[in-house]
Amino acid sequence: MSRTKEAERVLTATSHRRLPDLTVVRILLVDDDPQAAALIDIALADAPFERVIEVATTLSRGITRVEDDVHDIYLIDQQLPDGTGIELIRRARAGVTSKPFILLTGYGSGDIDREASLAGAADYVEKHMVAAQLERSIRYTLRNWQAARMLHDREEQLRQAQKMEAIGRLAGGVAHDFNNLLTAIIGYADLISERLDSSDPSSSIAREVAEIRNAADRASGLTRQLLAFSRKQFLNPTILNLNDTASGLLQMLPRVIGDHIRTTAQLGDDLARVKADPSQMEQVFLNLVLNARDAMPMGGQLTIRTANVDLDEELLGAESLSIPPGRYAMLSIGDTGTGMDAATRDRAFEPFFTTKPKGKGTGFGLATVYGIIDQSGGAIYLDTAPGRGTTVRIYLPATEATPEPRKPELPPATADGGTETILVVEDNDSVRGLAVKALRRRGYTVFEARSGEEAIDWALASGIKPHLLVTDVVMPGLSGPNLAARLSKLNPALRVLYVSGYTDDASALHGANHGDVPFLQKPFTPSILAQRIRSILESPE
Ligand SMILES: Nc1ncnc2c1ncn2[C@@H]1O[C@H](COP(=O)(O)OP(=O)(O)OP(=O)(O)O)[C@@H](O)[C@H]1O
Ligand SMILES: [Mg+2]
């Protein structure tokens, strides 16, 4: 399901959620009349909520306390020693707070009414009517404010989901196309060096080709990160216990973070197992610890926790998580560092977003974490504020499944080349051309087709039964797995090697995600392609 769809589903599911009860209402009264607080207190005597009233006697003191943002509602007298209540409301509304104001006036008038509402007051109550009206006005005002706030939060959540989906699609598309280009660049560079090897490895051409390879390798690293973020990298999930991941990494932690940071670990008992890729989970853990370290240059406390949590709609709503209710294993990594302001928090998961100096951060740490966790069916919450530190909580769905033994790896190839017949099907011309060339050079008889349909026509017309099919997974028309199924009917002994740059449709590949279907990830090198082919051809049926 797309992020936006999932967010929409959660929003609809929770749209009936009740507004929270008003239990304690913290009131700031701005009024210089010494009797005012007592008057308000009497007016609220029978109110269905507890109240805490603080008094400020001037406009300027009032504004300061509004900025401190520790109250739920503001009652403002129109006559203040250093200005008018309307003036205070107008100033506070211009960016200081979104919380509600009720204006208290001597006598109302059409002018006051209009001015107060233009300034952003939620209501106004004439002072002689306070006993009769104030309690009701406060209740209605707070209810409206809560409802508006909830709507605002939902819109924010949806906007965030749409943003991540759009960036994810862009990143995935770029990575997909770059994988094909990089396969060609790396491949042809290798073909050149293979030819040079025999002559003079220290020639300037050899060095220049090595530079091309270096640059291309760095580019593939970047492509891998983009794929991870766009949730399209191939994962090798197993059933695992996050405590094992955490304990393994805790041992190497001192070397990573240095001794100016104290570490405590509280790993929960009987932690529910999850389905995730162990090496990717290590990556997640490491990225979060590195961020925590960077946030505490002067030292501090790193806290690593795991626990089982049952997330209900209420808890999911509190952390704006777009995952279904149920049991989750939680991993949290907390620091006592700088924390993030709202603008940073909003963009923290974007690839390339970093607040670190040039050359220090790539801005891919949290983007990678996000992609891995999202692709594994989990969610992340950033609990952070400037000066208060950051706690990152990760939730992965609990599973009842028991760990399965890993399939043995294919045996290592004994040779590089061979004389078998291979059919290469790939819609990208340069990738196909490269594979064909690399394999022919190693002695194979190679046929090629640009699409699944073309491959089937060729097989029917020629009657040739290749030993091995090398095919792209995602192609326009017939997909790799469907092509393999059709060709296997004509040729039951056919072996298959899938090649792909990303998991656009992981299910199309059945078990390839689980490591039991021979699969080669782009970008690949001619020699890795040749080795994989050899080990498939040599492995028993
Ligand atoms: N624990 C944290 N405390 C404070 N700010 C954080 C924390 N984790 C992330 N951030 C903020 O989020 C930004 C993005 O984090 P991210 O891990 O994606 O990239 P980075 O750490 O800047 O670079 P990279 O991880 O690629 O080296 C950081 O630059 C920082 O501003
Ligand atoms: Mg980082």
# chains A, B, ... in the order shown; residues from 1 in each chain; ligands from 1

$ closest_atom_pairs --of "chain A" --to "ligand 1" --cutoff "9 Å" --atoms "only C-alpha atoms and all ligand atoms" --output "CSV"
residue,atom,partner,partner_atom_place_in_ligand_line,distance
A:Asn287,CA,ligand 1,25 (O),6.2
A:Leu288,CA,ligand 1,8 (N),6.7
A:Val289,CA,ligand 1,1 (N),7.7
A:Leu290,CA,ligand 1,21 (O),7.3
A:Asn291,CA,ligand 1,8 (N),4.5
A:Ala292,CA,ligand 1,1 (N),4.0
A:Arg293,CA,ligand 1,1 (N),7.4
A:Asp294,CA,ligand 1,2 (C),7.2
A:Ala295,CA,ligand 1,3 (N),4.7
A:Met296,CA,ligand 1,3 (N),7.9
A:Ile333,CA,ligand 1,1 (N),8.4
A:Gly334,CA,ligand 1,1 (N),7.4
A:Asp335,CA,ligand 1,1 (N),6.3
A:Thr336,CA,ligand 1,3 (N),8.3
A:Gly337,CA,ligand 1,3 (N),6.0
A:Thr338,CA,ligand 1,4 (C),5.3
A:Gly339,CA,ligand 1,4 (C),4.2
A:Met340,CA,ligand 1,5 (N),5.0
A:Asp341,CA,ligand 1,5 (N),8.5
A:Thr344,CA,ligand 1,31 (O),6.0
A:Arg345,CA,ligand 1,12 (O),6.8
A:Arg347,CA,ligand 1,12 (O),7.5
A:Ala348,CA,ligand 1,12 (O),4.4
A:Phe349,CA,ligand 1,18 (O),5.7
A:Glu350,CA,ligand 1,18 (O),6.9
A:Pro351,CA,ligand 1,18 (O),6.7
A:Phe352,CA,ligand 1,18 (O),7.2
A:Phe353,CA,ligand 1,14 (C),5.5
A:Thr354,CA,ligand 1,29 (O),3.5
A:Thr355,CA,ligand 1,29 (O),3.9
A:Lys356,CA,ligand 1,29 (O),5.0
A:Pro357,CA,ligand 1,22 (O),8.5
A:Lys360,CA,ligand 1,27 (O),6.4
A:Gly361,CA,ligand 1,23 (O),3.4
A:Thr362,CA,ligand 1,26 (O),3.6
A:Gly363,CA,ligand 1,19 (O),3.3
A:Phe364,CA,ligand 1,26 (O),3.9
A:Gly365,CA,ligand 1,25 (O),3.3
A:Leu366,CA,ligand 1,18 (O),3.6
A:Ala367,CA,ligand 1,18 (O),5.4
A:Thr368,CA,ligand 1,18 (O),7.6
A:Val369,CA,ligand 1,18 (O),8.3
A:Leu382,CA,ligand 1,8 (N),8.8
A:Thr384,CA,ligand 1,3 (N),7.6
A:Ala385,CA,ligand 1,4 (C),8.7
A:Pro386,CA,ligand 1,4 (C),8.2
A:Gly389,CA,ligand 1,3 (N),6.3
A:Thr390,CA,ligand 1,1 (N),5.1
A:Thr391,CA,ligand 1,1 (N),7.0
A:Val392,CA,ligand 1,1 (N),7.5

$ write_last_selection --atoms "N, CA and C atoms" --output "short mmCIF file (atom, residue, chain, number, x, y, z; two decimals), in the first residue's frame"
data_model
loop_
_atom_site.label_atom_id
_atom_site.label_comp_id
_atom_site.auth_asym_id
_atom_site.auth_seq_id
_atom_site.Cartn_x
_atom_site.Cartn_y
_atom_site.Cartn_z
N ASN A 287 23.13 3.80 12.24
CA ASN A 287 22.83 5.17 11.81
C ASN A 287 22.26 6.00 12.96
N LEU A 288 21.39 5.37 13.77
CA LEU A 288 20.76 6.11 14.86
C LEU A 288 21.78 6.43 15.96
N VAL A 289 22.65 5.48 16.25
CA VAL A 289 23.67 5.71 17.27
C VAL A 289 24.64 6.81 16.81
N LEU A 290 24.99 6.80 15.54
CA LEU A 290 25.90 7.84 15.03
C LEU A 290 25.24 9.22 15.14
N ASN A 291 23.96 9.30 14.84
CA ASN A 291 23.26 10.57 14.98
C ASN A 291 23.26 11.03 16.43
N ALA A 292 23.02 10.07 17.34
CA ALA A 292 22.99 10.41 18.77
C ALA A 292 24.38 10.92 19.19
N ARG A 293 25.42 10.23 18.73
CA ARG A 293 26.78 10.66 19.05
C ARG A 293 27.01 12.09 18.55
N ASP A 294 26.64 12.35 17.31
CA ASP A 294 26.89 13.67 16.74
C ASP A 294 26.10 14.76 17.45
N ALA A 295 24.97 14.37 18.08
CA ALA A 295 24.15 15.36 18.77
C ALA A 295 24.70 15.67 20.16
N MET A 296 25.71 14.87 20.61
CA MET A 296 26.25 15.07 21.97
C MET A 296 27.77 15.28 21.91
N ILE A 333 16.19 4.54 20.75
CA ILE A 333 17.54 5.03 20.96
C ILE A 333 17.42 6.50 21.36
N GLY A 334 17.81 6.79 22.61
CA GLY A 334 17.62 8.14 23.14
C GLY A 334 18.96 8.80 23.44
N ASP A 335 19.01 10.10 23.20
CA ASP A 335 20.21 10.84 23.57
C ASP A 335 19.83 12.09 24.35
N THR A 336 20.82 12.69 25.02
CA THR A 336 20.58 13.91 25.77
C THR A 336 21.25 15.07 25.04
N GLY A 337 21.23 15.01 23.71
CA GLY A 337 21.94 15.99 22.89
C GLY A 337 21.12 17.22 22.55
N THR A 338 21.43 17.80 21.39
CA THR A 338 20.86 19.08 21.00
C THR A 338 19.36 19.06 20.76
N GLY A 339 18.83 17.90 20.33
CA GLY A 339 17.42 17.87 19.94
C GLY A 339 17.23 18.56 18.61
N MET A 340 16.00 18.49 18.08
CA MET A 340 15.72 19.11 16.78
C MET A 340 14.60 20.14 16.93
N ASP A 341 14.70 21.23 16.20
CA ASP A 341 13.58 22.15 16.16
C ASP A 341 12.55 21.62 15.15
N THR A 344 13.64 21.16 11.43
CA THR A 344 14.57 20.05 11.20
C THR A 344 13.83 18.72 11.29
N ARG A 345 13.02 18.61 12.31
CA ARG A 345 12.27 17.37 12.53
C ARG A 345 11.41 17.05 11.30
N ARG A 347 11.94 17.66 8.26
CA ARG A 347 12.66 17.25 7.06
C ARG A 347 13.71 16.18 7.32
N ALA A 348 13.82 15.73 8.57
CA ALA A 348 14.93 14.86 8.95
C ALA A 348 15.04 13.60 8.10
N PHE A 349 13.92 13.07 7.61
CA PHE A 349 13.96 11.81 6.86
C PHE A 349 14.27 12.00 5.38
N GLU A 350 14.29 13.24 4.92
CA GLU A 350 14.54 13.45 3.49
C GLU A 350 15.98 13.09 3.14
N PRO A 351 16.17 12.39 2.00
CA PRO A 351 17.54 12.14 1.57
C PRO A 351 18.23 13.48 1.29
N PHE A 352 19.50 13.55 1.55
CA PHE A 352 20.31 14.75 1.35
C PHE A 352 20.04 15.85 2.36
N PHE A 353 19.06 15.65 3.28
CA PHE A 353 18.84 16.70 4.28
C PHE A 353 19.81 16.50 5.44
N THR A 354 20.65 17.50 5.66
CA THR A 354 21.58 17.44 6.78
C THR A 354 21.80 18.84 7.32
N THR A 355 22.04 18.96 8.62
CA THR A 355 22.39 20.26 9.19
C THR A 355 23.87 20.26 9.52
N LYS A 356 24.55 19.17 9.13
CA LYS A 356 25.98 19.08 9.45
C LYS A 356 26.80 19.80 8.39
N PRO A 357 28.03 20.25 8.77
CA PRO A 357 28.84 20.99 7.80
C PRO A 357 29.15 20.16 6.56
N LYS A 360 30.68 16.53 6.14
CA LYS A 360 30.51 15.72 7.35
C LYS A 360 29.33 14.76 7.22
N GLY A 361 28.15 15.30 6.87
CA GLY A 361 26.96 14.45 6.77
C GLY A 361 26.49 14.39 5.33
N THR A 362 25.96 13.23 4.94
CA THR A 362 25.40 13.13 3.59
C THR A 362 23.89 13.32 3.64
N GLY A 363 23.31 13.23 4.84
CA GLY A 363 21.87 13.36 4.95
C GLY A 363 21.14 12.09 4.56
N PHE A 364 21.85 10.95 4.62
CA PHE A 364 21.20 9.70 4.23
C PHE A 364 20.94 8.77 5.41
N GLY A 365 21.43 9.14 6.60
CA GLY A 365 21.27 8.26 7.75
C GLY A 365 19.80 7.95 8.03
N LEU A 366 19.02 8.98 8.29
CA LEU A 366 17.62 8.75 8.63
C LEU A 366 16.80 8.34 7.42
N ALA A 367 17.19 8.80 6.22
CA ALA A 367 16.46 8.39 5.01
C ALA A 367 16.56 6.87 4.84
N THR A 368 17.75 6.33 5.08
CA THR A 368 17.94 4.88 4.97
C THR A 368 17.14 4.16 6.04
N VAL A 369 17.21 4.67 7.26
CA VAL A 369 16.44 4.07 8.35
C VAL A 369 14.95 4.04 7.99
N LEU A 382 9.89 10.30 16.00
CA LEU A 382 10.97 11.14 16.52
C LEU A 382 10.42 11.95 17.68
N THR A 384 11.43 14.61 20.01
CA THR A 384 12.57 15.51 20.08
C THR A 384 12.12 16.96 20.27
N ALA A 385 12.96 17.73 20.92
CA ALA A 385 12.74 19.18 21.02
C ALA A 385 14.10 19.81 21.30
N PRO A 386 14.26 21.07 20.85
CA PRO A 386 15.56 21.71 21.04
C PRO A 386 15.95 21.70 22.52
N GLY A 389 17.03 16.84 23.86
CA GLY A 389 17.50 15.54 23.38
C GLY A 389 16.52 14.91 22.41
N THR A 390 16.89 13.76 21.92
CA THR A 390 16.08 13.07 20.91
C THR A 390 15.94 11.62 21.29
N THR A 391 14.73 11.09 21.18
CA THR A 391 14.54 9.65 21.28
C THR A 391 13.87 9.18 20.00
N VAL A 392 14.52 8.25 19.32
CA VAL A 392 13.93 7.70 18.10
C VAL A 392 13.32 6.36 18.48
#

$ select_by_dssp --residues "segment 212-375 of chain A" --states "strand (DSSP E)" --output "ChimeraX atom specification"
/A:238-240,261-267,273-276,300-311,326-335

$ write_last_selection --atoms "C-alpha atoms" --output "PDB file, in the first residue's frame"
ATOM      1  CA  THR A 238      14.610 -13.524   8.541  1.00  0.00           C
ATOM      2  CA  ILE A 239      12.784 -13.996  11.803  1.00  0.00           C
ATOM      3  CA  LEU A 240      14.881 -12.239  14.399  1.00  0.00           C
ATOM      4  CA  ILE A 261      29.140   9.292  26.132  1.00  0.00           C
ATOM      5  CA  ARG A 262      27.647   6.969  28.762  1.00  0.00           C
ATOM      6  CA  THR A 263      25.513   4.130  27.465  1.00  0.00           C
ATOM      7  CA  THR A 264      22.691   2.295  29.204  1.00  0.00           C
ATOM      8  CA  ALA A 265      20.827  -0.589  27.643  1.00  0.00           C
ATOM      9  CA  GLN A 266      17.460  -1.849  28.874  1.00  0.00           C
ATOM     10  CA  LEU A 267      16.567  -4.817  26.719  1.00  0.00           C
ATOM     11  CA  ARG A 273      10.237 -11.609  17.211  1.00  0.00           C
ATOM     12  CA  VAL A 274      10.062  -9.576  14.019  1.00  0.00           C
ATOM     13  CA  LYS A 275      10.617 -10.249  10.356  1.00  0.00           C
ATOM     14  CA  ALA A 276      13.466  -8.112   9.103  1.00  0.00           C
ATOM     15  CA  GLY A 300      25.900  12.832  27.434  1.00  0.00           C
ATOM     16  CA  GLN A 301      23.757   9.788  27.932  1.00  0.00           C
ATOM     17  CA  LEU A 302      22.787   7.246  25.288  1.00  0.00           C
ATOM     18  CA  THR A 303      19.862   5.009  26.209  1.00  0.00           C
ATOM     19  CA  ILE A 304      18.980   1.936  24.213  1.00  0.00           C
ATOM     20  CA  ARG A 305      15.724   0.177  25.013  1.00  0.00           C
ATOM     21  CA  THR A 306      13.647  -2.620  23.582  1.00  0.00           C
ATOM     22  CA  ALA A 307      10.134  -3.570  24.671  1.00  0.00           C
ATOM     23  CA  ASN A 308       6.911  -5.103  23.455  1.00  0.00           C
ATOM     24  CA  VAL A 309       4.176  -2.558  22.902  1.00  0.00           C
ATOM     25  CA  ASP A 310       0.532  -2.970  21.993  1.00  0.00           C
ATOM     26  CA  LEU A 311      -0.344  -0.029  19.817  1.00  0.00           C
ATOM     27  CA  GLY A 326      -1.458  -4.491  17.083  1.00  0.00           C
ATOM     28  CA  ARG A 327       1.594  -5.858  18.827  1.00  0.00           C
ATOM     29  CA  TYR A 328       4.996  -4.432  17.959  1.00  0.00           C
ATOM     30  CA  ALA A 329       8.567  -4.861  19.081  1.00  0.00           C
ATOM     31  CA  MET A 330       9.998  -1.446  19.848  1.00  0.00           C
ATOM     32  CA  LEU A 331      13.603  -0.336  19.676  1.00  0.00           C
ATOM     33  CA  SER A 332      14.312   3.107  21.060  1.00  0.00           C
ATOM     34  CA  ILE A 333      17.537   5.034  20.964  1.00  0.00           C
ATOM     35  CA  GLY A 334      17.624   8.135  23.137  1.00  0.00           C
ATOM     36  CA  ASP A 335      20.214  10.843  23.567  1.00  0.00           C
TER      37      ASP A 335
END

$ residues_around --residues "Ala449 of chain A" --least-positions-apart "5" --cutoff "6 Å" --atoms "only C-alpha atoms" --output "list in words"
Val425, Glu454 and Ala455 of chain A

$ write_last_selection --atoms "N, CA and C atoms" --output "short mmCIF file (atom, residue, chain, number, x, y, z; two decimals), in the first residue's frame"
data_model
loop_
_atom_site.label_atom_id
_atom_site.label_comp_id
_atom_site.auth_asym_id
_atom_site.auth_seq_id
_atom_site.Cartn_x
_atom_site.Cartn_y
_atom_site.Cartn_z
N VAL A 425 17.94 -12.00 -21.67
CA VAL A 425 16.76 -11.19 -21.98
C VAL A 425 16.77 -9.95 -21.10
N GLU A 454 9.81 -11.55 -27.35
CA GLU A 454 10.80 -11.84 -28.37
C GLU A 454 11.54 -13.15 -28.05
N ALA A 455 11.80 -13.36 -26.75
CA ALA A 455 12.51 -14.57 -26.33
C ALA A 455 11.68 -15.82 -26.64
#

$ select_by_dssp --residues "segment 32-246 of chain A" --states "helix (DSSP H, G or I)" --output "VMD selection string"
chain A and resid 36 to 43 59 to 68 85 to 93 110 to 119 127 to 199 204 to 229 242 to 246

$ residues_around --residues "Leu29 of chain A" --least-positions-apart "5" --cutoff "8 Å" --atoms "only C-alpha atoms" --output "PyMOL selection string"
chain A and resi 37+53-56+74-77

$ residues_around --residues "Leu170 of chain A" --least-positions-apart "6" --cutoff "10 Å" --atoms "only C-alpha atoms" --output "number ranges by chain"
A: 164, 176, 226, 230

$ closest_residue --among "A:Tyr370, A:Trp145, A:Trp458, A:Tyr395" --to "ligand 2" --atoms "only C-alpha atoms and all ligand atoms"
A:Tyr370

$ residues_around --residues "Val66 of chain A" --least-positions-apart "3" --cutoff "9 Å" --atoms "only C-alpha atoms" --output "list of chain:residue names"
A:Leu28, A:Arg61, A:Gly62, A:Ile63, A:Asp69, A:Val70, A:His71, A:Tyr74, A:Ala92, A:Val96, A:Thr97

$ closest_residue --among "A:Gln283, A:Arg486, A:Val436, A:Leu520" --to "ligand 2" --atoms "only C-alpha atoms and all ligand atoms"
A:Gln283

$ closest_residue --among "A:Leu134, A:Ala122, A:Leu487, A:Leu142" --to "Ile40 of chain A" --atoms "only C-alpha atoms"
A:Leu134

$ atom_distance --atom1 "atom CA of Asn482 of chain A" --atom2 "atom CA of Lys5 of chain A"
28.6 Å

$ closest_residue --among "A:Arg224, A:Arg388, A:Arg93, A:Arg255" --to "Ala175 of chain A" --atoms "only C-alpha atoms"
A:Arg224
